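Here's entry33.txt, which has compact mmCIF, C-alpha atoms:
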```txt
# COMPACT_ATOMS: atom_id res chain seq x y z
CA MET A 1 0.00 0.00 0.00
CA ASN A 2 1.21 3.51 -0.81
CA THR A 3 1.68 5.88 2.09
CA LEU A 4 2.39 9.60 2.38
CA HIS A 5 4.44 11.05 5.25
CA LEU A 6 3.30 14.52 6.28
CA LYS A 7 5.82 16.23 8.51
CA ALA A 8 4.82 18.59 11.30
CA CYS A 9 4.17 21.95 9.67
CA THR A 10 2.41 25.25 9.88
CA CYS A 11 0.31 27.05 7.32
CA HIS A 12 1.53 30.25 5.70
CA PRO A 13 -0.80 32.99 4.38
CA THR A 14 -2.12 31.67 1.11
CA SER A 15 -4.83 31.63 -1.54
CA ILE A 16 -6.05 28.47 -3.31
CA ASN A 17 -8.49 27.72 -6.12
CA LEU A 18 -11.15 25.12 -5.36
CA PRO A 19 -12.12 22.27 -7.68
CA GLY A 20 -15.73 22.23 -8.84
CA SER A 21 -18.40 20.81 -6.54
CA LYS A 22 -18.92 17.05 -6.93
CA SER A 23 -22.58 17.28 -5.94
CA ILE A 24 -23.28 20.01 -8.47
CA SER A 25 -21.12 18.48 -11.22
CA ASN A 26 -22.86 15.10 -11.31
CA ARG A 27 -26.33 16.61 -11.04
CA ILE A 28 -25.62 19.00 -13.91
CA LEU A 29 -24.20 16.21 -16.09
CA LEU A 30 -27.33 14.08 -15.75
CA LEU A 31 -29.76 16.98 -16.16
CA ALA A 32 -27.91 18.27 -19.23
CA ALA A 33 -27.94 14.78 -20.74
CA LEU A 34 -31.74 14.60 -20.31
CA ALA A 35 -32.42 18.07 -21.72
CA GLU A 36 -33.90 18.88 -25.12
CA ASN A 37 -31.00 21.11 -26.13
CA ILE A 38 -27.23 21.66 -25.82
CA CYS A 39 -25.59 22.83 -22.61
CA GLU A 40 -22.04 24.14 -22.18
CA VAL A 41 -20.64 23.34 -18.73
CA HIS A 42 -17.76 25.29 -17.17
CA ASN A 43 -15.50 24.21 -14.26
CA LEU A 44 -16.81 20.65 -14.14
CA LEU A 45 -14.99 18.65 -11.48
CA ASP A 46 -12.42 16.27 -12.97
CA SER A 47 -12.36 13.34 -10.53
CA ASP A 48 -13.16 9.63 -10.30
CA ASP A 49 -16.82 10.21 -9.41
CA THR A 50 -17.51 12.56 -12.32
CA ARG A 51 -15.61 10.29 -14.72
CA TYR A 52 -17.94 7.44 -13.79
CA MET A 53 -20.93 9.62 -14.62
CA LEU A 54 -19.38 10.85 -17.87
CA GLU A 55 -18.53 7.32 -19.01
CA ALA A 56 -22.01 6.06 -18.11
CA LEU A 57 -23.68 8.84 -20.09
CA LYS A 58 -21.46 8.15 -23.10
CA THR A 59 -22.33 4.44 -22.87
CA LEU A 60 -26.01 5.46 -22.87
CA GLY A 61 -25.45 7.30 -26.15
CA ILE A 62 -25.00 10.89 -24.98
CA LYS A 63 -22.64 13.00 -27.09
CA ILE A 64 -20.20 14.93 -24.88
CA GLU A 65 -17.64 17.24 -26.45
CA GLN A 66 -14.48 18.36 -24.65
CA LEU A 67 -13.76 22.07 -25.17
CA PRO A 68 -10.57 24.07 -24.57
CA ALA A 69 -9.95 24.78 -20.89
CA ASP A 70 -11.21 28.06 -19.44
CA SER A 71 -8.42 30.40 -18.39
CA LYS A 72 -10.26 31.29 -15.15
CA ASN A 73 -11.19 27.74 -14.09
CA SER A 74 -9.23 24.59 -13.25
CA GLY A 75 -12.09 22.21 -14.10
CA LEU A 76 -13.28 20.64 -17.33
CA HIS A 77 -15.03 22.64 -20.03
CA ILE A 78 -17.50 20.48 -21.97
CA LYS A 79 -20.57 20.59 -24.18
CA VAL A 80 -23.40 18.12 -23.51
CA TYR A 81 -25.89 17.28 -26.27
CA GLY A 82 -29.19 16.44 -24.57
CA CYS A 83 -31.25 13.38 -25.53
CA LYS A 84 -34.71 14.93 -25.01
CA GLY A 85 -35.49 12.63 -22.10
CA LYS A 86 -34.80 9.35 -23.89
CA PHE A 87 -31.38 7.69 -23.90
CA PRO A 88 -30.35 6.37 -27.33
CA GLN A 89 -29.10 3.11 -25.81
CA GLN A 90 -31.87 1.06 -24.22
CA GLN A 91 -29.52 -1.63 -22.91
CA ALA A 92 -26.22 -1.14 -21.06
CA ASP A 93 -23.84 -2.44 -18.41
CA LEU A 94 -22.81 0.48 -16.20
CA PHE A 95 -19.95 0.31 -13.69
CA LEU A 96 -20.10 3.27 -11.31
CA GLY A 97 -17.33 2.63 -8.80
CA ASN A 98 -18.30 4.01 -5.40
CA ALA A 99 -19.94 7.14 -6.78
CA GLY A 100 -23.24 7.54 -4.93
CA THR A 101 -23.99 10.82 -6.72
CA ALA A 102 -23.84 8.89 -9.99
CA PHE A 103 -25.34 5.52 -8.99
CA ARG A 104 -28.52 6.62 -7.20
CA PRO A 105 -29.79 9.31 -9.65
CA LEU A 106 -28.89 7.19 -12.70
CA ALA A 107 -30.69 4.20 -11.21
CA ALA A 108 -33.81 6.30 -10.69
CA VAL A 109 -33.76 7.87 -14.14
CA LEU A 110 -33.16 4.56 -15.94
CA ALA A 111 -35.82 2.81 -13.85
CA ILE A 112 -38.43 5.46 -14.72
CA LEU A 113 -37.51 5.46 -18.42
CA GLY A 114 -37.26 1.67 -18.58
CA GLY A 115 -34.88 -0.54 -20.53
CA LYS A 116 -32.40 -3.28 -19.74
CA TYR A 117 -29.66 -1.84 -17.55
CA TYR A 118 -27.24 -3.47 -15.15
CA LEU A 119 -25.79 -1.09 -12.53
CA HIS A 120 -22.90 -2.14 -10.32
CA GLY A 121 -19.80 -0.79 -8.62
CA VAL A 122 -16.96 -1.61 -6.24
CA ALA A 123 -17.50 -3.85 -3.22
CA ARG A 124 -18.25 -0.91 -0.89
CA MET A 125 -20.99 0.38 -3.24
CA HIS A 126 -22.62 -3.04 -2.93
CA GLU A 127 -22.70 -2.51 0.86
CA ARG A 128 -24.42 0.87 0.66
CA PRO A 129 -28.22 0.58 1.09
CA ILE A 130 -30.52 1.46 -1.76
CA GLY A 131 -33.67 -0.43 -0.77
CA ASP A 132 -35.71 2.66 0.20
CA LEU A 133 -35.08 4.22 -3.21
CA VAL A 134 -35.93 0.98 -5.02
CA ASP A 135 -39.17 0.65 -3.01
CA ALA A 136 -40.19 4.18 -4.03
CA LEU A 137 -39.32 3.56 -7.69
CA GLN A 138 -41.37 0.35 -7.74
CA ILE A 139 -44.38 2.34 -6.52
CA ALA A 140 -43.74 4.58 -9.54
CA GLY A 141 -43.90 1.59 -11.90
CA ALA A 142 -40.24 0.59 -12.12
CA THR A 143 -39.17 -3.04 -12.40
CA ILE A 144 -35.91 -3.55 -10.52
CA GLU A 145 -34.18 -6.78 -9.53
CA TYR A 146 -31.53 -7.16 -6.84
CA LYS A 147 -28.73 -9.31 -8.25
CA GLU A 148 -27.04 -10.20 -4.97
CA GLN A 149 -28.39 -9.03 -1.58
CA ASN A 150 -31.89 -7.57 -1.18
CA GLY A 151 -31.76 -3.85 -0.53
CA PHE A 152 -28.29 -3.34 -2.03
CA PRO A 153 -26.64 -3.00 -5.43
CA PRO A 154 -25.98 -4.39 -7.98
CA LEU A 155 -29.29 -3.77 -9.72
CA GLN A 156 -30.90 -5.09 -12.89
CA ILE A 157 -33.42 -2.63 -14.33
CA HIS A 158 -36.16 -3.81 -16.69
CA HIS A 159 -38.91 -2.08 -18.66
CA ALA A 160 -41.14 0.20 -16.57
CA ARG A 161 -44.91 0.17 -16.22
CA GLN A 162 -46.71 3.42 -17.07
CA LYS A 163 -49.01 4.92 -14.44
CA PRO A 164 -51.63 7.71 -14.72
CA ASP A 165 -50.15 9.65 -11.79
CA TYR A 166 -47.61 9.19 -9.07
CA HIS A 167 -47.98 9.37 -5.28
CA ILE A 168 -44.77 8.14 -3.71
CA ASN A 169 -43.48 7.77 -0.17
CA VAL A 170 -39.75 7.71 0.55
CA LYS A 171 -37.85 7.46 3.83
CA GLY A 172 -35.74 10.51 4.58
CA ASN A 173 -33.44 9.26 7.33
CA VAL A 174 -30.92 7.16 5.37
CA SER A 175 -29.69 9.30 2.48
CA SER A 176 -30.88 12.55 0.92
CA GLN A 177 -29.67 11.11 -2.40
CA PHE A 178 -32.79 8.92 -2.52
CA LEU A 179 -35.07 11.97 -2.61
CA THR A 180 -32.72 13.81 -4.99
CA SER A 181 -32.88 10.83 -7.33
CA LEU A 182 -36.69 10.81 -7.36
CA LEU A 183 -36.86 14.56 -7.90
CA MET A 184 -34.57 14.25 -10.92
CA ALA A 185 -36.30 11.20 -12.41
CA LEU A 186 -40.02 11.93 -12.03
CA PRO A 187 -40.19 14.92 -14.42
CA LEU A 188 -39.47 12.37 -17.18
CA THR A 189 -42.92 10.85 -16.67
CA GLY A 190 -44.64 14.05 -17.78
CA LYS A 191 -47.26 13.32 -15.12
CA HIS A 192 -48.31 15.01 -11.90
CA CYS A 193 -46.24 13.63 -9.04
CA THR A 194 -46.38 13.90 -5.26
CA ILE A 195 -43.56 12.74 -3.01
CA ASN A 196 -44.06 12.39 0.73
CA VAL A 197 -40.97 12.12 2.93
CA ILE A 198 -41.44 9.69 5.80
CA GLY A 199 -39.58 10.64 8.99
CA GLU A 200 -36.86 13.26 9.36
CA LEU A 201 -35.15 14.31 6.15
CA ILE A 202 -31.39 14.40 6.63
CA SER A 203 -29.04 16.74 4.73
CA LYS A 204 -31.77 19.14 3.61
CA PRO A 205 -29.21 21.51 2.01
CA TYR A 206 -28.41 18.83 -0.57
CA ILE A 207 -32.10 18.75 -1.53
CA ALA A 208 -31.95 22.54 -1.82
CA ILE A 209 -29.09 22.12 -4.34
CA THR A 210 -31.23 19.70 -6.34
CA LEU A 211 -34.25 22.01 -6.38
CA LYS A 212 -32.12 25.00 -7.41
CA LEU A 213 -30.55 23.11 -10.31
CA LEU A 214 -33.89 21.64 -11.41
CA GLU A 215 -35.22 25.19 -11.61
CA GLN A 216 -32.28 26.19 -13.81
CA PHE A 217 -33.17 23.27 -16.09
CA GLY A 218 -36.82 24.32 -16.39
CA ILE A 219 -38.46 22.15 -13.69
CA GLN A 220 -40.61 23.71 -10.97
CA ILE A 221 -41.22 21.67 -7.82
CA ASN A 222 -43.14 23.04 -4.88
CA HIS A 223 -42.57 21.70 -1.39
CA LYS A 224 -43.93 22.15 2.11
CA ASP A 225 -41.20 22.17 4.77
CA PHE A 226 -39.17 19.60 2.79
CA GLN A 227 -41.79 16.96 3.64
CA THR A 228 -44.20 17.04 0.68
CA PHE A 229 -43.07 17.77 -2.88
CA GLN A 230 -45.42 18.53 -5.78
CA LEU A 231 -44.46 18.31 -9.47
CA ALA A 232 -46.95 19.56 -12.04
CA ALA A 233 -47.63 17.57 -15.21
CA GLY A 234 -46.19 18.45 -18.61
CA GLN A 235 -42.73 19.61 -17.56
CA HIS A 236 -39.55 18.72 -19.39
CA TYR A 237 -35.85 19.48 -19.17
CA HIS A 238 -34.48 22.54 -20.97
CA ALA A 239 -30.86 23.34 -20.20
CA PRO A 240 -29.34 26.80 -19.86
CA ALA A 241 -26.98 27.49 -22.76
CA GLN A 242 -24.12 28.01 -20.28
CA ILE A 243 -23.75 26.85 -16.70
CA HIS A 244 -20.87 27.19 -14.24
CA VAL A 245 -20.04 24.72 -11.47
CA GLU A 246 -19.13 26.59 -8.30
CA GLY A 247 -16.19 25.56 -6.12
CA ASP A 248 -16.67 22.59 -3.80
CA ALA A 249 -17.65 23.79 -0.31
CA SER A 250 -16.81 20.41 1.26
CA SER A 251 -13.29 20.56 -0.18
CA ALA A 252 -13.00 24.13 1.07
CA SER A 253 -13.50 22.91 4.65
CA TYR A 254 -9.95 21.51 4.92
CA PHE A 255 -8.29 24.76 3.93
CA LEU A 256 -10.64 26.92 5.97
CA ALA A 257 -9.92 24.74 8.99
CA ALA A 258 -6.20 25.14 8.24
CA GLY A 259 -6.63 28.89 8.63
CA LEU A 260 -8.36 28.43 11.97
CA ILE A 261 -5.83 25.91 13.30
CA SER A 262 -2.72 27.82 12.19
CA GLY A 263 -4.03 31.32 12.76
CA LYS A 264 -2.71 32.31 9.32
CA ARG A 265 -4.86 33.91 6.63
CA VAL A 266 -6.19 31.33 4.15
CA ARG A 267 -8.35 32.32 1.19
CA VAL A 268 -10.38 29.85 -0.88
CA ASN A 269 -11.51 31.01 -4.32
CA GLY A 270 -14.60 29.79 -6.14
CA ILE A 271 -17.36 30.15 -3.53
CA ASP A 272 -18.87 32.93 -1.46
CA ALA A 273 -21.91 33.72 0.66
CA ASN A 274 -24.20 33.13 -2.36
CA SER A 275 -23.21 29.47 -2.69
CA ILE A 276 -26.09 27.02 -3.16
CA GLN A 277 -24.17 24.36 -1.20
CA GLY A 278 -25.21 23.60 2.35
CA ASP A 279 -21.63 23.00 3.46
CA ILE A 280 -21.07 26.76 3.28
CA ALA A 281 -22.61 26.70 6.79
CA PHE A 282 -19.32 25.15 7.95
CA VAL A 283 -17.87 28.67 7.85
CA TYR A 284 -20.37 29.87 10.44
CA GLU A 285 -19.46 26.97 12.71
CA LEU A 286 -15.78 27.96 12.49
CA GLU A 287 -16.72 31.54 13.31
CA LYS A 288 -18.49 30.38 16.49
CA ILE A 289 -15.35 28.69 17.77
CA GLY A 290 -12.82 31.43 17.10
CA ALA A 291 -12.34 32.01 13.36
CA GLN A 292 -12.16 35.49 11.87
CA VAL A 293 -14.09 35.38 8.60
CA PHE A 294 -14.04 37.74 5.63
CA TRP A 295 -16.58 37.16 2.86
CA GLY A 296 -15.60 38.45 -0.57
CA GLU A 297 -16.93 38.15 -4.10
CA GLN A 298 -16.13 34.56 -5.14
CA PHE A 299 -13.88 33.95 -2.15
CA ILE A 300 -13.86 33.33 1.61
CA GLU A 301 -10.97 34.17 3.89
CA ILE A 302 -10.30 32.63 7.33
CA SER A 303 -7.78 33.48 10.04
CA ARG A 304 -7.58 33.57 13.87
CA SER A 305 -6.18 36.04 16.34
CA SER A 306 -3.12 34.82 18.27
CA THR A 307 -4.97 35.69 21.49
CA GLN A 308 -8.07 33.63 20.59
CA ASP A 309 -8.18 29.94 21.57
CA ILE A 310 -10.18 27.47 19.49
CA LEU A 311 -13.33 26.90 21.54
CA PRO A 312 -14.84 23.49 22.22
CA PHE A 313 -18.14 22.78 20.47
CA ASP A 314 -21.26 20.63 20.51
CA ILE A 315 -22.82 20.70 17.05
CA ASP A 316 -25.88 19.22 15.37
CA ALA A 317 -24.26 18.40 12.00
CA ASN A 318 -27.31 17.01 10.21
CA ASN A 319 -27.08 19.72 7.54
CA ILE A 320 -23.31 19.55 7.00
CA PRO A 321 -22.40 15.85 7.32
CA ASP A 322 -19.42 15.91 4.96
CA ALA A 323 -17.80 19.10 6.24
CA ALA A 324 -18.47 18.01 9.82
CA MET A 325 -15.78 15.36 9.42
CA THR A 326 -13.24 18.19 9.32
CA LEU A 327 -14.49 19.35 12.72
CA ALA A 328 -13.44 15.99 14.18
CA ILE A 329 -9.82 17.00 13.53
CA VAL A 330 -10.39 20.58 14.70
CA ALA A 331 -11.54 19.02 17.99
CA LEU A 332 -7.95 17.88 18.57
CA ALA A 333 -6.94 21.56 18.79
CA CYS A 334 -9.48 22.31 21.53
CA LYS A 335 -8.78 22.07 25.27
CA SER A 336 -11.81 19.99 26.23
CA THR A 337 -14.36 17.54 24.84
CA CYS A 338 -16.18 18.29 21.58
CA ARG A 339 -19.26 16.52 20.25
CA ILE A 340 -20.61 16.07 16.72
CA ARG A 341 -24.15 14.64 16.65
CA ASN A 342 -27.02 13.76 14.32
CA ILE A 343 -24.58 12.15 11.89
CA ALA A 344 -26.16 8.72 11.38
CA SER A 345 -25.57 9.20 7.64
CA TRP A 346 -21.82 8.79 8.29
CA ARG A 347 -22.54 5.08 8.73
CA VAL A 348 -23.54 4.55 5.06
CA LYS A 349 -21.00 6.69 3.24
CA GLU A 350 -17.82 5.53 1.48
CA THR A 351 -17.06 3.73 4.73
CA ASP A 352 -18.68 3.65 8.16
CA ARG A 353 -17.23 7.04 9.01
CA ILE A 354 -18.16 7.01 12.69
CA SER A 355 -16.29 3.74 13.23
CA ALA A 356 -13.37 4.80 11.02
CA MET A 357 -13.01 8.21 12.67
CA THR A 358 -13.20 6.64 16.13
CA ALA A 359 -10.45 4.13 15.37
CA GLU A 360 -8.02 6.61 13.84
CA LEU A 361 -8.52 9.34 16.45
CA ARG A 362 -7.81 6.79 19.18
CA LYS A 363 -4.51 5.93 17.49
CA LEU A 364 -3.52 9.59 17.94
CA GLY A 365 -4.28 9.38 21.66
CA ALA A 366 -7.74 10.95 21.75
CA GLN A 367 -10.51 9.60 23.95
CA VAL A 368 -13.52 8.93 21.75
CA ILE A 369 -17.07 7.90 22.57
CA ALA A 370 -19.16 6.88 19.57
CA THR A 371 -22.89 6.18 19.34
CA GLU A 372 -25.06 5.25 16.38
CA ASP A 373 -25.36 8.91 15.38
CA SER A 374 -22.71 10.89 17.28
CA ILE A 375 -19.06 11.10 18.22
CA SER A 376 -17.46 12.81 21.25
CA ILE A 377 -13.75 13.62 21.15
CA THR A 378 -11.46 14.53 24.04
CA PRO A 379 -8.00 15.50 22.82
CA PRO A 380 -4.88 14.16 24.55
CA ALA A 381 -2.29 16.40 26.21
CA LYS A 382 0.04 15.43 23.36
CA LEU A 383 -0.81 13.70 20.09
CA GLN A 384 0.99 10.50 19.14
CA ALA A 385 3.40 11.21 16.27
CA ASP A 386 4.07 9.20 13.10
CA ILE A 387 0.85 7.23 13.35
CA HIS A 388 -0.31 5.45 10.18
CA ILE A 389 -3.85 6.60 9.36
CA ASN A 390 -6.00 3.99 7.64
CA THR A 391 -8.13 5.88 5.11
CA TYR A 392 -10.58 3.02 4.35
CA ASP A 393 -10.64 4.01 0.65
CA ASP A 394 -12.49 7.14 1.79
CA HIS A 395 -11.30 10.42 0.31
CA ARG A 396 -12.57 12.48 3.23
CA MET A 397 -10.68 10.42 5.80
CA ALA A 398 -7.44 11.14 3.93
CA MET A 399 -8.08 14.86 3.56
CA CYS A 400 -9.30 15.33 7.13
CA PHE A 401 -6.32 13.63 8.76
CA SER A 402 -3.83 15.65 6.70
CA LEU A 403 -4.72 18.50 9.08
CA VAL A 404 -3.05 16.61 11.95
CA SER A 405 0.29 17.79 10.54
CA LEU A 406 -0.76 21.39 11.25
CA LEU A 407 -1.07 20.47 14.92
CA GLY A 408 2.69 20.00 15.16
CA THR A 409 2.47 16.23 14.73
CA SER A 410 3.90 14.25 11.82
CA VAL A 411 1.54 11.62 10.42
CA TYR A 412 1.40 8.94 7.72
CA ILE A 413 -1.61 8.88 5.39
CA ASP A 414 -2.09 5.38 3.95
CA ASP A 415 -3.56 5.00 0.45
CA PRO A 416 -3.48 8.78 -0.22
CA GLN A 417 -4.64 8.31 -3.83
CA CYS A 418 -8.18 7.69 -2.54
CA VAL A 419 -8.60 11.49 -2.81
CA ASN A 420 -8.93 10.95 -6.58
CA LYS A 421 -12.63 10.38 -5.90
CA THR A 422 -13.24 14.13 -5.59
CA PHE A 423 -9.95 16.08 -5.41
CA PRO A 424 -7.04 14.41 -7.27
CA GLU A 425 -4.69 17.36 -6.65
CA TYR A 426 -5.46 17.64 -2.93
CA PHE A 427 -2.09 16.71 -1.46
CA LYS A 428 -0.26 18.84 -4.01
CA VAL A 429 -2.39 21.84 -3.05
CA PHE A 430 -2.07 21.03 0.66
CA ALA A 431 1.73 20.91 0.38
CA SER A 432 1.69 24.33 -1.26
CA ILE A 433 0.15 25.96 1.82
CA CYS A 434 2.45 24.29 4.39
CA THR A 435 5.84 25.23 5.85
CA PRO A 436 7.74 22.57 7.89
CA VAL A 437 8.44 23.40 11.53
```

Can I see the file as structure tokens?
Amino acid sequence: MNTLHLKACTCHPTSINLPGSKSISNRILLLAALAENICEVHNLLDSDDTRYMLEALKTLGIKIEQLPADSKNSGLHIKVYGCKGKFPQQQADLFLGNAGTAFRPLAAVLAILGGKYYLHGVARMHERPIGDLVDALQIAGATIEYKEQNGFPPLQIHHARQKPDYHINVKGNVSSQFLTSLLMALPLTGKHCTINVIGELISKPYIAITLKLLEQFGIQINHKDFQTFQLAAGQHYHAPAQIHVEGDASSASYFLAAGLISGKRVRVNGIDANSIQGDIAFVYELEKIGAQVFWGEQFIEISRSSTQDILPFDIDANNIPDAAMTLAIVALACKSTCRIRNIASWRVKETDRISAMTAELRKLGAQVIATEDSISITPPAKLQADIHINTYDDHRMAMCFSLVSLLGTSVYIDDPQCVNKTFPEYFKVFASICTPV
């Protein structure tokens, strides 16, 4: 296994450009593919997860043209030729790695349209539950077969049954991607649709991203308190001629936390207070515990006064589950116990993140108490140095634990290339902001 040794370091004043948002990139790709016209996409994230979506769409017959890179953006610049809501290929074998933002929405769209499609991925994807989404799609007329274990991928999709209208219930407490997938797929029916969310809906800001993008692609969906969603009949996808993917707010969290931990000024370019991503709320959480924040046009800047300690925290992270992982490392810089709660969704991500975070923090000497939906972290008087961090093939584990080096503690990151899922250049960019101590 490859490993990366990060020496104890500090952060110097710096400015970095963010890659495009993964959540926005994969949503835009699928919506543009389903549209009745051509859409030019700027700053598309170039990572494993978006490549799986791009390859799947090409396999389904979508024409995608690579354009010269934009001088102002680091991401891909492409043109997507929409299929008017009907994929040219009615039969395909689609391998989607561990890309939930590709697998779930594609499964829903293909199930609603019907055809013969086999969807599968890596072993971990086959451990991530999808039963609640499949149940909802079957109510909508889909015919879906589990090929291995009930409730989990891989899936075989068959021809769908047409229905006069759609009234669908979906559980909201496992993954917001299930609801996102339904919201993206049901406009293809052309019928009136009602979706009722059963129980608490987790990660509501990700649904807000979906609704905002659907609106940009010509689809109006009304909702009541994120519990009942109404889609009028006769709607279809029409793409904007040009669309820009904003910087990834989850990826920004590591560099913003670096500014808080080090006390040095760190600027991230590509997002600002107008971001449609829920993880922008991470900035407000940093501000509560000692960060000095400056909001600019298309950038955010973080620093901390040398006289200001990082304050302990107890946070309900339901709305920022991905960025909240970064707070688990920030907790090591506090002087007493910190708690991150309402994070049951960590259990069904790229790995069981509560278990993984617990194990690796304990290696560093922290006292950790984990429950089904929370984690409490008490930092040690001195962190253990040169610990090997198991990243569990989870990009966010690797990026989070890189911040340990800013706490004056050298650390080994095992399997660092797992960051290719969303941020292939992460460790190169991270090295550029660090000065050894």

Just the number, please: distance in Å from CA of Val404 in chain A to CA of Val293 in chain A, one decimal. 22.0 Å

Counting all atoms listed in the file, find residues at most 7 Å from (-23.7, 23.6, -24.3) (file frame) and give them as a PyMOL selection string. chain A and resi 38-41+79-81+241-242

Env of His395 in chain A: 10 Å cut, atoms = only C-alpha atoms, seq-sep filter 3 positions within chain, self excluded. Answer as a ChimeraX atom specification. /A:350-351,391-392,398-400,415-424,426

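Here CA of Val109 in chain A is placed at a distance of 18.5 Å from CA of Lys212 in chain A.
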
Identify the residues around (-24.2, 15.9, -11.5) within a radius of 12 Å, measuring from all atoms listed in the file in the coordinates stated by the file, and give them as JSON, numbers by chain. {"A": [20, 21, 22, 23, 24, 25, 26, 27, 28, 29, 30, 31, 32, 33, 34, 41, 44, 45, 46, 49, 50, 51, 52, 53, 54, 57, 99, 100, 101, 102, 103, 104, 105, 106, 177, 180, 181, 184, 209, 210, 213, 214, 245]}

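Distances to Leu113 in chain A were evaluated for A:Lys224, A:Arg341, A:His159, A:His77 using all atoms listed in the file, and the minimum falls at A:His159.
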
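Counting from CA of Tyr166 in chain A, the distance to CA of Gly131 in chain A is 18.9 Å.
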
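Closest approach to Gly247 in chain A among A:Ile276, A:Val174, A:Leu137, A:Leu18: A:Leu18, based on only C-alpha atoms.
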
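Once Ala136 in chain A and its same-chain neighbours fewer than 5 positions away are set aside, Ala108, Gly131, Gly141, Ala142, His167, Ile168, Asn169, Val170, Lys171, Phe178, Leu179, Leu182 and Ile195 of chain A remain within 10 Å of it when counting only C-alpha atoms.
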
If we count all atoms listed in the file, what is near range 304-313 of chain A at a cut-off of 12 Å, once residues fewer than 5 positions away on the same chain are taken out, given as a ChimeraX atom specification? /A:13,256-266,285-294,324,327-341,375-379

Work out where the centre of an axis-aligned box around every listed atom of range 256-268 of chain A lies and how long its edges are once 5 Å is added on each side; give both in Å to one decimal as AutoDock Vina command-line options.
```
--center_x -6.7 --center_y 29.3 --center_z 6.2 --size_x 17.9 --size_y 19.2 --size_z 24.2
```

Given all atoms listed in the file, how would the per-residue table for range 366-386 of chain A near range 405-413 of chain A read, listing every residue at most 12 Å away with its closest atom pair and distance in Å to one decimal, sorted by chain and number, as JSON lines?
```
{"residue": "A:Pro379", "atom": "CA", "partner": "A:Leu407", "partner_atom": "CA", "distance": 11.6}
{"residue": "A:Lys382", "atom": "CA", "partner": "A:Thr409", "partner_atom": "CA", "distance": 9.0}
{"residue": "A:Leu383", "atom": "CA", "partner": "A:Thr409", "partner_atom": "CA", "distance": 6.8}
{"residue": "A:Gln384", "atom": "CA", "partner": "A:Thr409", "partner_atom": "CA", "distance": 7.4}
{"residue": "A:Ala385", "atom": "CA", "partner": "A:Thr409", "partner_atom": "CA", "distance": 5.3}
{"residue": "A:Asp386", "atom": "CA", "partner": "A:Val411", "partner_atom": "CA", "distance": 4.4}
```

Would you list the contacts of range 117-123 of chain A as a PyMOL selection string, taking every protein, DNA or RNA residue within 6 Å and counting all atoms listed in the file, but skipping same-chain residues closer than 5 positions in sequence? chain A and resi 91-98+154-157

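Using all atoms listed in the file for every distance, the candidate list A:Gln298, A:Gln235, A:Ser253, A:Asn342 yields A:Gln235 as the residue closest to Lys84 in chain A.
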